>>> print(open('work_6.txt').read())   # compact mmCIF, C-alpha atoms
# COMPACT_ATOMS: atom_id res chain seq x y z
CA MET V 1 -27.22 -1.67 16.02
CA SER V 2 -26.12 -4.66 13.98
CA PRO V 3 -22.51 -5.77 14.58
CA SER V 4 -22.03 -6.26 10.85
CA SER V 5 -23.32 -2.85 9.82
CA THR V 6 -21.13 -0.50 7.83
CA VAL V 7 -22.43 3.04 8.05
CA SER V 8 -21.89 5.75 5.45
CA ILE V 9 -21.80 9.27 6.80
CA GLN V 10 -23.56 10.67 3.78
CA ASN V 11 -26.74 8.82 4.80
CA PHE V 12 -26.98 11.09 7.82
CA VAL V 13 -26.00 14.39 6.25
CA THR V 14 -28.57 16.80 4.82
CA SER V 15 -27.85 19.72 2.56
CA GLY V 16 -27.91 22.24 5.39
CA VAL V 17 -25.38 20.58 7.69
CA ARG V 18 -22.00 22.22 8.18
CA LEU V 19 -18.74 20.34 7.76
CA LEU V 20 -18.11 20.75 11.47
CA ALA V 21 -21.25 18.81 12.26
CA LEU V 22 -20.19 16.08 9.83
CA LEU V 23 -16.88 15.65 11.57
CA ALA V 24 -18.52 15.53 14.98
CA LEU V 25 -20.96 12.91 13.71
CA ALA V 26 -18.11 10.85 12.30
CA SER V 27 -16.34 10.85 15.66
CA ALA V 28 -19.54 9.89 17.44
CA LEU V 29 -20.16 6.99 15.07
CA THR V 30 -16.71 5.53 15.58
CA ALA V 31 -17.30 5.49 19.32
CA CYS V 32 -20.64 3.74 18.93
CA ALA V 33 -20.35 0.06 19.83
CA GLY V 34 -21.43 -2.43 17.20
CA PHE V 35 -20.23 -0.69 14.03
CA SER V 36 -17.38 -2.37 12.15
CA ALA V 37 -16.49 0.90 10.44
CA ALA V 38 -17.88 4.26 9.48
CA SER V 39 -17.18 5.89 6.13
CA LEU V 40 -16.83 9.48 5.07
CA ASN V 41 -17.81 10.53 1.57
CA PRO V 42 -15.71 13.49 0.37
CA MET V 43 -18.53 14.39 -2.05
CA THR V 44 -20.73 15.41 0.91
CA TRP V 45 -18.21 17.77 2.48
CA PHE V 46 -19.85 20.82 0.92
CA SER V 47 -23.39 22.03 1.58
CA ASP V 48 -25.65 25.02 1.01
CA ASP V 49 -23.97 26.62 4.02
CA GLU V 50 -20.38 25.93 3.06
CA VAL V 51 -17.40 26.20 5.35
CA ASN V 52 -14.99 26.19 2.39
CA PRO V 53 -17.00 27.30 -0.64
CA PRO V 54 -15.73 26.52 -4.15
CA THR V 55 -13.48 29.19 -5.64
CA PRO V 56 -15.41 31.23 -8.24
CA LEU V 57 -14.20 30.85 -11.80
CA VAL V 58 -12.59 33.84 -13.52
CA ASP V 59 -12.12 34.63 -17.20
CA ILE V 60 -9.10 33.01 -18.82
CA PRO V 61 -7.21 33.59 -22.06
CA VAL V 62 -8.27 30.69 -24.28
CA GLU V 63 -5.31 28.91 -25.84
CA ALA V 64 -6.81 25.45 -26.28
CA THR V 65 -10.33 24.35 -27.16
CA LEU V 66 -12.38 21.18 -26.99
CA ARG V 67 -14.72 20.53 -29.93
CA ARG V 68 -17.54 18.04 -29.41
CA GLN V 69 -17.37 15.04 -31.76
CA TRP V 70 -20.30 13.02 -30.50
CA SER V 71 -22.48 12.63 -27.42
CA VAL V 72 -24.52 9.69 -26.07
CA ASN V 73 -26.80 9.40 -23.03
CA ILE V 74 -26.05 6.48 -20.69
CA GLY V 75 -29.00 5.93 -18.32
CA ASN V 76 -29.17 8.19 -15.28
CA GLY V 77 -25.41 8.60 -14.97
CA GLN V 78 -24.15 8.76 -11.40
CA GLY V 79 -27.65 8.91 -9.90
CA ASP V 80 -28.16 10.17 -6.36
CA ASN V 81 -25.87 7.85 -4.38
CA TYR V 82 -22.56 9.71 -4.88
CA THR V 83 -21.18 6.93 -7.02
CA GLU V 84 -18.13 7.42 -9.24
CA ILE V 85 -18.75 5.10 -12.19
CA THR V 86 -15.95 5.76 -14.67
CA PRO V 87 -16.12 4.33 -18.21
CA SER V 88 -13.24 2.35 -19.69
CA ILE V 89 -11.76 2.02 -23.17
CA ASP V 90 -10.71 -1.29 -24.73
CA GLY V 91 -10.08 -2.11 -28.38
CA GLY V 92 -11.57 1.07 -29.82
CA VAL V 93 -14.75 0.82 -27.76
CA ILE V 94 -15.75 2.78 -24.66
CA TYR V 95 -17.85 0.89 -22.13
CA ALA V 96 -20.01 2.97 -19.79
CA GLY V 97 -22.52 2.23 -17.06
CA SER V 98 -25.05 4.21 -15.05
CA GLU V 99 -26.42 3.82 -11.55
CA ASN V 100 -29.80 2.55 -12.78
CA GLY V 101 -28.22 -0.50 -14.42
CA THR V 102 -27.75 0.71 -18.00
CA VAL V 103 -24.53 -0.51 -19.62
CA ALA V 104 -23.53 0.44 -23.17
CA ALA V 105 -20.72 -0.10 -25.65
CA ILE V 106 -19.90 2.92 -27.82
CA GLU V 107 -17.53 2.95 -30.80
CA ILE V 108 -15.04 5.69 -29.93
CA SER V 109 -14.36 6.77 -33.53
CA THR V 110 -18.00 7.40 -34.45
CA GLY V 111 -20.07 7.47 -31.26
CA ASN V 112 -22.27 4.67 -32.61
CA THR V 113 -23.91 2.49 -29.97
CA LEU V 114 -22.81 -1.11 -30.55
CA TRP V 115 -25.08 -2.48 -27.86
CA ARG V 116 -27.02 -1.36 -24.82
CA THR V 117 -28.36 -3.51 -22.00
CA ARG V 118 -29.95 -3.17 -18.58
CA VAL V 119 -28.71 -5.26 -15.68
CA GLU V 120 -30.71 -5.87 -12.54
CA GLY V 121 -29.57 -3.79 -9.57
CA VAL V 122 -28.02 -0.43 -8.75
CA ILE V 123 -24.51 -0.11 -10.17
CA THR V 124 -21.93 1.19 -7.68
CA GLY V 125 -18.63 -0.03 -9.13
CA GLY V 126 -17.24 -0.03 -12.65
CA VAL V 127 -16.65 -0.08 -15.43
CA GLY V 128 -13.85 -2.60 -15.97
CA SER V 129 -13.11 -4.05 -19.42
CA GLY V 130 -10.64 -6.42 -21.04
CA GLU V 131 -10.14 -9.98 -22.27
CA GLY V 132 -13.58 -9.93 -23.94
CA LEU V 133 -15.36 -8.94 -20.71
CA VAL V 134 -17.15 -5.93 -19.21
CA MET V 135 -17.26 -5.88 -15.40
CA ILE V 136 -19.47 -3.94 -13.02
CA ALA V 137 -20.61 -4.27 -9.40
CA THR V 138 -23.96 -3.61 -7.76
CA GLU V 139 -25.20 -2.15 -4.50
CA SER V 140 -26.32 -5.63 -3.43
CA ALA V 141 -22.67 -6.78 -3.37
CA GLU V 142 -22.66 -8.67 -6.65
CA LEU V 143 -20.11 -8.70 -9.43
CA VAL V 144 -21.73 -8.82 -12.86
CA VAL V 145 -19.64 -9.86 -15.87
CA LEU V 146 -20.91 -9.21 -19.41
CA ASN V 147 -19.65 -10.34 -22.79
CA GLN V 148 -17.99 -7.50 -24.69
CA ALA V 149 -19.38 -8.74 -28.00
CA ASP V 150 -23.06 -8.27 -27.24
CA GLY V 151 -23.58 -7.20 -23.61
CA THR V 152 -25.15 -10.47 -22.51
CA VAL V 153 -24.57 -11.51 -18.90
CA LYS V 154 -21.86 -14.17 -18.61
CA TRP V 155 -22.28 -14.59 -14.85
CA ARG V 156 -23.00 -12.74 -11.63
CA HIS V 157 -21.68 -13.69 -8.21
CA ALA V 158 -22.05 -12.36 -4.67
CA VAL V 159 -19.06 -10.99 -2.75
CA SER V 160 -18.67 -10.01 0.92
CA SER V 161 -19.75 -6.36 0.56
CA GLU V 162 -20.28 -3.49 -1.85
CA VAL V 163 -17.69 -2.75 -4.54
CA LEU V 164 -17.13 0.93 -5.40
CA SER V 165 -14.28 0.69 -7.92
CA ALA V 166 -13.91 -1.07 -11.26
CA PRO V 167 -13.24 -4.83 -11.21
CA GLN V 168 -10.23 -5.96 -13.28
CA THR V 169 -9.26 -9.13 -15.15
CA ASN V 170 -6.22 -10.86 -16.63
CA GLY V 171 -8.28 -13.43 -18.53
CA ASP V 172 -7.96 -16.00 -15.75
CA VAL V 173 -9.61 -14.29 -12.78
CA VAL V 174 -11.81 -11.24 -12.17
CA VAL V 175 -10.50 -9.25 -9.22
CA ALA V 176 -12.42 -6.68 -7.15
CA GLN V 177 -11.88 -4.79 -3.92
CA THR V 178 -14.81 -4.59 -1.49
CA VAL V 179 -15.57 -1.78 0.96
CA ASP V 180 -14.80 -4.09 3.91
CA ASP V 181 -11.18 -4.19 2.71
CA LYS V 182 -11.18 -7.58 1.03
CA LEU V 183 -9.53 -8.37 -2.28
CA VAL V 184 -11.39 -11.18 -4.00
CA ALA V 185 -10.62 -13.14 -7.18
CA LEU V 186 -13.38 -15.00 -9.04
CA ASP V 187 -12.92 -17.54 -11.81
CA VAL V 188 -13.33 -15.84 -15.17
CA ASP V 189 -15.45 -18.68 -16.58
CA ASP V 190 -18.10 -19.20 -13.90
CA GLY V 191 -17.55 -16.62 -11.14
CA GLU V 192 -16.62 -19.10 -8.44
CA GLN V 193 -14.27 -17.72 -5.79
CA ARG V 194 -10.64 -18.65 -6.39
CA TRP V 195 -9.06 -16.78 -3.46
CA ILE V 196 -9.57 -13.91 -1.04
CA TYR V 197 -7.14 -11.59 0.76
CA GLU V 198 -8.24 -9.33 3.60
CA THR V 199 -6.74 -6.64 5.81
CA THR V 200 -7.76 -5.01 9.07
CA GLN V 201 -10.10 -2.09 8.51
CA PRO V 202 -9.72 1.10 10.59
CA ALA V 203 -12.61 2.50 12.64
CA LEU V 204 -13.19 5.35 10.18
CA THR V 205 -12.52 5.41 6.44
CA LEU V 206 -13.33 7.38 3.32
CA ARG V 207 -16.11 5.91 1.21
CA GLY V 208 -14.34 4.57 -1.82
CA SER V 209 -11.46 2.40 -2.95
CA SER V 210 -8.86 2.29 -5.69
CA LYS V 211 -9.26 -0.30 -8.41
CA PRO V 212 -6.78 -3.21 -8.27
CA VAL V 213 -3.88 -3.38 -10.72
CA ILE V 214 -3.01 -6.72 -12.32
CA THR V 215 0.56 -7.21 -13.52
CA ALA V 216 2.09 -10.28 -15.17
CA ASP V 217 2.12 -12.27 -11.93
CA ALA V 218 0.55 -10.17 -9.21
CA VAL V 219 -2.48 -8.20 -8.09
CA ILE V 220 -1.65 -4.94 -6.32
CA ALA V 221 -4.22 -3.02 -4.26
CA GLY V 222 -4.32 -0.06 -1.88
CA PHE V 223 -6.32 -0.29 1.34
CA SER V 224 -7.98 2.03 3.86
CA ASN V 225 -5.30 1.31 6.45
CA GLY V 226 -2.76 3.11 4.26
CA THR V 227 -1.01 0.01 2.91
CA LEU V 228 -0.20 -1.17 -0.59
CA VAL V 229 -0.29 -4.96 -0.93
CA ALA V 230 0.80 -7.34 -3.69
CA VAL V 231 -0.49 -10.93 -3.86
CA SER V 232 -0.09 -13.69 -6.41
CA ALA V 233 -2.68 -13.42 -9.18
CA GLU V 234 -2.90 -17.20 -9.37
CA ASP V 235 -3.66 -18.07 -5.76
CA GLY V 236 -3.71 -14.87 -3.66
CA VAL V 237 -0.52 -15.73 -1.77
CA TYR V 238 1.04 -12.71 -0.08
CA LEU V 239 4.06 -11.26 -1.93
CA TRP V 240 4.79 -7.93 -0.24
CA GLU V 241 3.23 -5.09 1.73
CA GLU V 242 4.40 -1.50 2.20
CA ARG V 243 2.95 1.54 3.92
CA VAL V 244 1.92 4.55 1.88
CA ALA V 245 1.06 6.40 5.11
CA VAL V 246 1.17 5.94 8.88
CA PRO V 247 -1.86 7.03 10.93
CA GLU V 248 -1.20 9.97 13.24
CA GLY V 249 -3.33 12.00 15.62
CA GLU V 250 -5.47 11.47 18.69
CA TYR V 251 -8.86 11.17 17.00
CA ASP V 252 -10.07 8.63 14.45
CA ILE V 253 -10.76 11.32 11.88
CA ASP V 254 -7.13 12.47 12.10
CA ARG V 255 -5.99 8.90 11.46
CA VAL V 256 -7.85 8.40 8.17
CA ILE V 257 -5.17 7.48 5.60
CA ASP V 258 -7.08 5.67 2.85
CA VAL V 259 -5.46 4.80 -0.46
CA ASP V 260 -8.57 5.59 -2.53
CA GLY V 261 -7.18 7.03 -5.76
CA ASP V 262 -6.36 4.71 -8.63
CA LEU V 263 -2.81 3.37 -8.65
CA LEU V 264 -0.45 4.39 -11.45
CA LEU V 265 1.53 1.56 -13.04
CA ASP V 266 4.63 3.00 -14.67
CA GLY V 267 6.94 0.33 -16.08
CA GLY V 268 8.64 -1.46 -13.19
CA ARG V 269 7.16 0.74 -10.49
CA ILE V 270 3.73 1.54 -9.11
CA LEU V 271 2.65 4.86 -7.58
CA ALA V 272 0.05 5.35 -4.87
CA ALA V 273 -1.28 8.35 -2.94
CA SER V 274 -3.09 8.41 0.39
CA TYR V 275 -5.37 10.82 2.15
CA GLN V 276 -3.54 12.70 4.94
CA GLY V 277 -0.38 10.80 4.05
CA ASN V 278 2.07 10.52 1.18
CA LEU V 279 2.61 10.05 -2.51
CA MET V 280 4.91 7.04 -2.97
CA ALA V 281 6.52 4.98 -5.73
CA PHE V 282 7.38 1.28 -5.21
CA GLU V 283 9.10 -1.43 -7.22
CA VAL V 284 6.40 -3.69 -8.64
CA THR V 285 8.26 -6.96 -8.00
CA THR V 286 9.65 -6.32 -4.50
CA GLY V 287 7.70 -3.42 -3.00
CA ARG V 288 10.93 -1.54 -2.36
CA ILE V 289 10.35 2.18 -1.89
CA VAL V 290 11.72 4.11 -4.87
CA TRP V 291 10.60 7.59 -3.97
CA GLY V 292 8.09 9.44 -1.84
CA MET V 293 6.88 12.77 -0.51
CA GLU V 294 4.20 14.13 1.79
CA ALA V 295 0.81 14.65 0.13
CA SER V 296 -2.90 14.25 0.81
CA SER V 297 -5.11 12.98 -1.99
CA TYR V 298 -7.98 10.58 -2.61
CA HIS V 299 -7.44 10.71 -6.40
CA GLY V 300 -5.21 8.92 -8.85
CA MET V 301 -2.18 10.44 -10.54
CA GLU V 302 -0.92 11.12 -14.05
CA ARG V 303 2.48 11.33 -15.77
CA GLY V 304 3.77 13.61 -18.51
CA PHE V 305 6.62 15.96 -19.46
CA GLY V 306 8.81 14.27 -16.82
CA ASN V 307 6.34 15.21 -14.08
CA ILE V 308 3.91 13.47 -11.76
CA TYR V 309 0.57 15.27 -11.58
CA TYR V 310 -1.84 14.95 -8.67
CA CYS V 311 -4.79 16.78 -7.11
CA ASP V 312 -4.81 17.19 -3.34
CA ASP V 313 -7.81 16.95 -1.04
CA LYS V 314 -8.50 20.69 -1.50
CA SER V 315 -8.60 20.43 -5.32
CA GLN V 316 -5.23 22.05 -5.85
CA VAL V 317 -3.28 20.66 -8.81
CA PHE V 318 0.45 19.95 -8.49
CA ALA V 319 3.19 19.04 -10.93
CA ILE V 320 6.10 17.30 -9.17
CA ARG V 321 9.37 16.58 -10.92
CA ASP V 322 9.52 12.78 -11.11
CA ASN V 323 11.69 11.10 -8.46
CA SER V 324 12.06 14.32 -6.50
CA GLU V 325 10.13 16.59 -4.18
CA ASP V 326 10.59 19.57 -6.49
CA ILE V 327 7.29 21.32 -7.26
CA VAL V 328 7.41 22.36 -10.92
CA TRP V 329 4.15 24.27 -10.56
CA ASP V 330 0.95 24.31 -8.56
CA ASN V 331 -2.47 25.74 -9.31
CA SER V 332 -5.07 26.70 -6.69
CA ASP V 333 -7.53 28.38 -9.09
CA LEU V 334 -9.92 25.42 -8.60
CA LEU V 335 -9.69 25.33 -4.81
CA ASN V 336 -12.58 23.39 -3.21
CA ARG V 337 -14.25 22.70 -6.55
CA GLN V 338 -14.12 18.89 -5.98
CA ILE V 339 -12.15 18.17 -9.13
CA THR V 340 -11.48 14.78 -10.68
CA ALA V 341 -8.11 13.09 -11.01
CA PRO V 342 -5.82 14.70 -13.63
CA THR V 343 -5.78 13.26 -17.14
CA ALA V 344 -3.11 14.07 -19.72
CA VAL V 345 -4.35 14.97 -23.20
CA GLY V 346 -1.89 16.43 -25.68
CA ASN V 347 0.17 19.13 -23.98
CA TYR V 348 -2.44 19.65 -21.30
CA ILE V 349 -3.80 18.25 -18.06
CA ALA V 350 -7.60 17.96 -17.95
CA VAL V 351 -9.76 17.94 -14.82
CA ALA V 352 -13.50 18.34 -14.31
CA ASP V 353 -15.35 19.83 -11.34
CA SER V 354 -18.60 19.58 -9.38
CA ASP V 355 -20.23 22.28 -11.54
CA GLY V 356 -19.55 20.23 -14.65
CA TYR V 357 -16.74 22.36 -16.07
CA VAL V 358 -13.79 20.70 -17.81
CA HIS V 359 -10.55 22.65 -17.40
CA LEU V 360 -7.37 22.37 -19.47
CA LEU V 361 -4.10 23.22 -17.69
CA SER V 362 -0.78 23.68 -19.44
CA GLN V 363 1.66 20.89 -18.57
CA ILE V 364 4.44 23.47 -18.79
CA ASP V 365 3.34 26.02 -16.19
CA GLY V 366 -0.08 24.93 -14.87
CA ARG V 367 -2.07 27.87 -16.24
CA ILE V 368 -5.72 27.18 -17.11
CA VAL V 369 -5.81 27.70 -20.87
CA GLY V 370 -9.16 26.20 -21.82
CA ARG V 371 -12.58 25.50 -20.32
CA ILE V 372 -15.94 24.11 -21.33
CA GLN V 373 -19.05 23.25 -19.33
CA HIS V 374 -20.03 19.67 -20.00
CA ASP V 375 -22.85 18.92 -17.53
CA ASN V 376 -24.85 21.21 -15.25
CA ASP V 377 -25.14 18.32 -12.78
CA GLY V 378 -21.35 18.12 -12.42
CA VAL V 379 -18.70 15.51 -13.21
CA ARG V 380 -17.40 12.95 -10.70
CA ALA V 381 -16.12 10.21 -13.02
CA ASN V 382 -12.48 10.43 -14.03
CA LEU V 383 -11.82 11.67 -17.55
CA LEU V 384 -10.41 9.41 -20.27
CA ALA V 385 -8.04 10.38 -23.08
CA ASP V 386 -7.13 8.58 -26.30
CA ASN V 387 -5.34 9.92 -29.42
CA GLY V 388 -5.96 13.59 -28.67
CA ARG V 389 -9.57 13.04 -27.67
CA LEU V 390 -11.04 13.55 -24.23
CA TYR V 391 -14.02 11.49 -23.06
CA VAL V 392 -16.21 13.01 -20.35
CA PHE V 393 -19.03 11.22 -18.50
CA GLY V 394 -21.25 13.72 -16.70
CA ASN V 395 -23.27 13.01 -13.58
CA SER V 396 -26.54 13.25 -15.56
CA GLY V 397 -25.41 10.43 -17.88
CA ARG V 398 -24.10 12.30 -20.92
CA LEU V 399 -20.96 10.71 -22.39
CA THR V 400 -19.19 13.01 -24.84
CA ALA V 401 -16.07 12.80 -26.99
CA TYR V 402 -14.17 16.07 -27.36
CA GLN V 403 -11.37 16.66 -29.86
CA LEU V 404 -8.50 18.78 -28.58
CA GLN V 405 -7.73 21.74 -30.83
>>> encode(input="work_6.txt", output="structure tokens")
Amino acid sequence: MSPSSTVSIQNFVTSGVRLLALLALASALTACAGFSAASLNPMTWFSDDEVNPPTPLVDIPVEATLRRQWSVNIGNGQGDNYTEITPSIDGGVIYAGSENGTVAAIEISTGNTLWRTRVEGVITGGVGSGEGLVMIATESAELVVLNQADGTVKWRHAVSSEVLSAPQTNGDVVVAQTVDDKLVALDVDDGEQRWIYETTQPALTLRGSSKPVITADAVIAGFSNGTLVAVSAEDGVYLWEERVAVPEGEYDIDRVIDVDGDLLLDGGRILAASYQGNLMAFEVTTGRIVWGMEASSYHGMERGFGNIYYCDDKSQVFAIRDNSEDIVWDNSDLLNRQITAPTAVGNYIAVADSDGYVHLLSQIDGRIVGRIQHDNDGVRANLLADNGRLYVFGNSGRLTAYQLQ
């Protein structure tokens, strides 16, 4: 066994293996000398012989509908490697990428393809966009930066390990988080490394990472050891660090507390959630804890109607009154359906599931009031919303704009 190897549990799991066997294998791997870390992929926690099967869907009274406006195919979508490649919107254009290297720019008002290109390599992280750039990452641990105008490659540069989330930029640096818990900043012009920040990685982690958030002066990132860290965007100098969760339990699997869901920047505070830990809000400039409560999630959060919305690790949806622990409503109708992070669109919260259904929940009381099946292969990428439209990228590669009605 190579000392530098990082092993993903899903490489060992076949469709007929029970969750119990997966957990036992994870524990065995962490005890095996020579591995720097082992990673669990939540997407492999269900099999043909399920311990916790998805809750069957029931008929609902339809109060809201989604009408398809346009649809475009983007390569092979998520492929077979359990990636979660989420598109991004910038300046009226949606940028999307697929596992097989296809990247496209689609005009959101019309669905017209502005450009389409194919980059070398298997895409695992993306898509980031901004400041005239489109940013993705490949399985071979490279960041690839394209020009927004025409999709041509501006530069590509190797980093320490695979990147599973979307790189970000402020126009000066491109920042990405690697699976070995490093935060790296590359020069926006030529891709040369400007600085690197690294933390200590636990023995066992979830496979995934949140995308960094860049503020006026800082880069903020959540790590697999349950911490939220802010460093200077200019030079990577440490600014503050706070814990979102503290590991507890005798076994490594009990001590997994990754901050994998995307962070939520809300004015002068930033919110983060951890697996088997907490949901917390911190001051952006100082890291001071503003508010927190116990929660377990590997997804990002959403705001609306004075609430914070999040999905827990069992695919239950919660609305929490902001700055309190008061549960406004909760919905377990989608239990174990491996739903995406919540996205606010109009008066509703939208989530998609592993069977490819998109569900609309009322922000008022959490009832499911609308549903449409988007992709028979399922949906893993987070949904996007803009001006009453919902953008859904299915696992098979179909990107569709739906108008809320």
>>> residues_around(input="work_6.txt", residues="region 277-293 of chain V", least_positions_apart="4", cutoff="7 Å", atoms="all atoms listed in the file", output="PyMOL selection string")
chain V and resi 240-242+244-245+257+268-273+323+325
>>> closest_atom_pairs(input="work_6.txt", of="region 298-340 of chain V", to="region 368-384 of chain V", cutoff="9 Å", atoms="all atoms listed in the file", output="JSON lines")
{"residue": "V:Asn331", "atom": "CA", "partner": "V:Ile368", "partner_atom": "CA", "distance": 8.6}
{"residue": "V:Asp333", "atom": "CA", "partner": "V:Ile368", "partner_atom": "CA", "distance": 8.3}
{"residue": "V:Gln338", "atom": "CA", "partner": "V:Arg380", "partner_atom": "CA", "distance": 8.3}
{"residue": "V:Ile339", "atom": "CA", "partner": "V:Arg380", "partner_atom": "CA", "distance": 7.6}
{"residue": "V:Thr340", "atom": "CA", "partner": "V:Asn382", "partner_atom": "CA", "distance": 5.6}
>>> closest_residue(input="work_6.txt", among="V:Val62, V:Ala158, V:Ala176, V:Ala96", to="Ile74 (chain V)", atoms="only C-alpha atoms")
V:Ala96
>>> residues_around(input="work_6.txt", residues="Val392 (chain V)", least_positions_apart="2", cutoff="12 Å", atoms="only C-alpha atoms", output="MDAnalysis selection string")
chainID V and resid 66 68:74 77 85:88 94 96 340 343 350:353 356:359 372:375 378:386 389:390 394:403
>>> atom_distance(input="work_6.txt", atom1="CA of Ile60 (chain V)", atom2="CA of Phe305 (chain V)")
23.2 Å
>>> residues_around(input="work_6.txt", residues="Asp312 (chain V)", least_positions_apart="3", cutoff="9 Å", atoms="only C-alpha atoms", output="ChimeraX atom specification")
/V:275,295-299,315-318
>>> write_last_selection(input="work_6.txt", atoms="C-alpha atoms", output="mmCIF file, keeping the file's coordinate frame")
data_model
loop_
_atom_site.group_PDB
_atom_site.id
_atom_site.type_symbol
_atom_site.label_atom_id
_atom_site.label_comp_id
_atom_site.auth_asym_id
_atom_site.auth_seq_id
_atom_site.Cartn_x
_atom_site.Cartn_y
_atom_site.Cartn_z
ATOM 1 C CA TYR V 275 -5.370 10.820 2.150
ATOM 2 C CA ALA V 295 0.810 14.650 0.130
ATOM 3 C CA SER V 296 -2.900 14.250 0.810
ATOM 4 C CA SER V 297 -5.110 12.980 -1.990
ATOM 5 C CA TYR V 298 -7.980 10.580 -2.610
ATOM 6 C CA HIS V 299 -7.440 10.710 -6.400
ATOM 7 C CA SER V 315 -8.600 20.430 -5.320
ATOM 8 C CA GLN V 316 -5.230 22.050 -5.850
ATOM 9 C CA VAL V 317 -3.280 20.660 -8.810
ATOM 10 C CA PHE V 318 0.450 19.950 -8.490
#
>>> atom_distance(input="work_6.txt", atom1="CA of Val153 (chain V)", atom2="CA of Gly261 (chain V)")
28.6 Å
>>> closest_residue(input="work_6.txt", among="V:Glu234, V:Asp355, V:Glu139, V:Glu250", to="Gly101 (chain V)", atoms="only C-alpha atoms")
V:Glu139
>>> atom_distance(input="work_6.txt", atom1="CA of Met135 (chain V)", atom2="CA of Thr117 (chain V)")
13.1 Å
>>> axis_aligned_box(input="work_6.txt", around="region 336-348 of chain V", padding_each_side="8 Å", output="AutoDock Vina command-line options")
--center_x -7.0 --center_y 18.2 --center_z -14.4 --size_x 30.4 --size_y 26.3 --size_z 38.5
>>> closest_residue(input="work_6.txt", among="V:Val231, V:Leu404, V:Val237, V:Leu204", to="Ala216 (chain V)", atoms="all atoms listed in the file")
V:Val231
>>> closest_residue(input="work_6.txt", among="V:Thr200, V:Leu183, V:Val246, V:Asn170", to="Ile220 (chain V)", atoms="all atoms listed in the file")
V:Leu183
>>> residues_around(input="work_6.txt", residues="Arg303 (chain V)", least_positions_apart="5", cutoff="9 Å", atoms="all atoms listed in the file", output="ChimeraX atom specification")
/V:264,266,308-309,322,343-344
>>> closest_residue(input="work_6.txt", among="V:Asp172, V:Leu186, V:Ala64, V:Ser129", to="Glu142 (chain V)", atoms="all atoms listed in the file")
V:Leu186
>>> residues_around(input="work_6.txt", residues="Thr138 (chain V)", least_positions_apart="6", cutoff="9 Å", atoms="all atoms listed in the file", output="mmCIF file with C-alpha atoms, in the frame of the given file")
data_model
loop_
_atom_site.group_PDB
_atom_site.id
_atom_site.type_symbol
_atom_site.label_atom_id
_atom_site.label_comp_id
_atom_site.auth_asym_id
_atom_site.auth_seq_id
_atom_site.Cartn_x
_atom_site.Cartn_y
_atom_site.Cartn_z
ATOM 1 C CA GLU V 99 -26.420 3.820 -11.550
ATOM 2 C CA GLY V 101 -28.220 -0.500 -14.420
ATOM 3 C CA GLU V 120 -30.710 -5.870 -12.540
ATOM 4 C CA GLY V 121 -29.570 -3.790 -9.570
ATOM 5 C CA VAL V 122 -28.020 -0.430 -8.750
ATOM 6 C CA ILE V 123 -24.510 -0.110 -10.170
ATOM 7 C CA THR V 124 -21.930 1.190 -7.680
ATOM 8 C CA GLY V 125 -18.630 -0.030 -9.130
ATOM 9 C CA VAL V 144 -21.730 -8.820 -12.860
ATOM 10 C CA GLU V 162 -20.280 -3.490 -1.850
ATOM 11 C CA VAL V 163 -17.690 -2.750 -4.540
ATOM 12 C CA LEU V 164 -17.130 0.930 -5.400
#
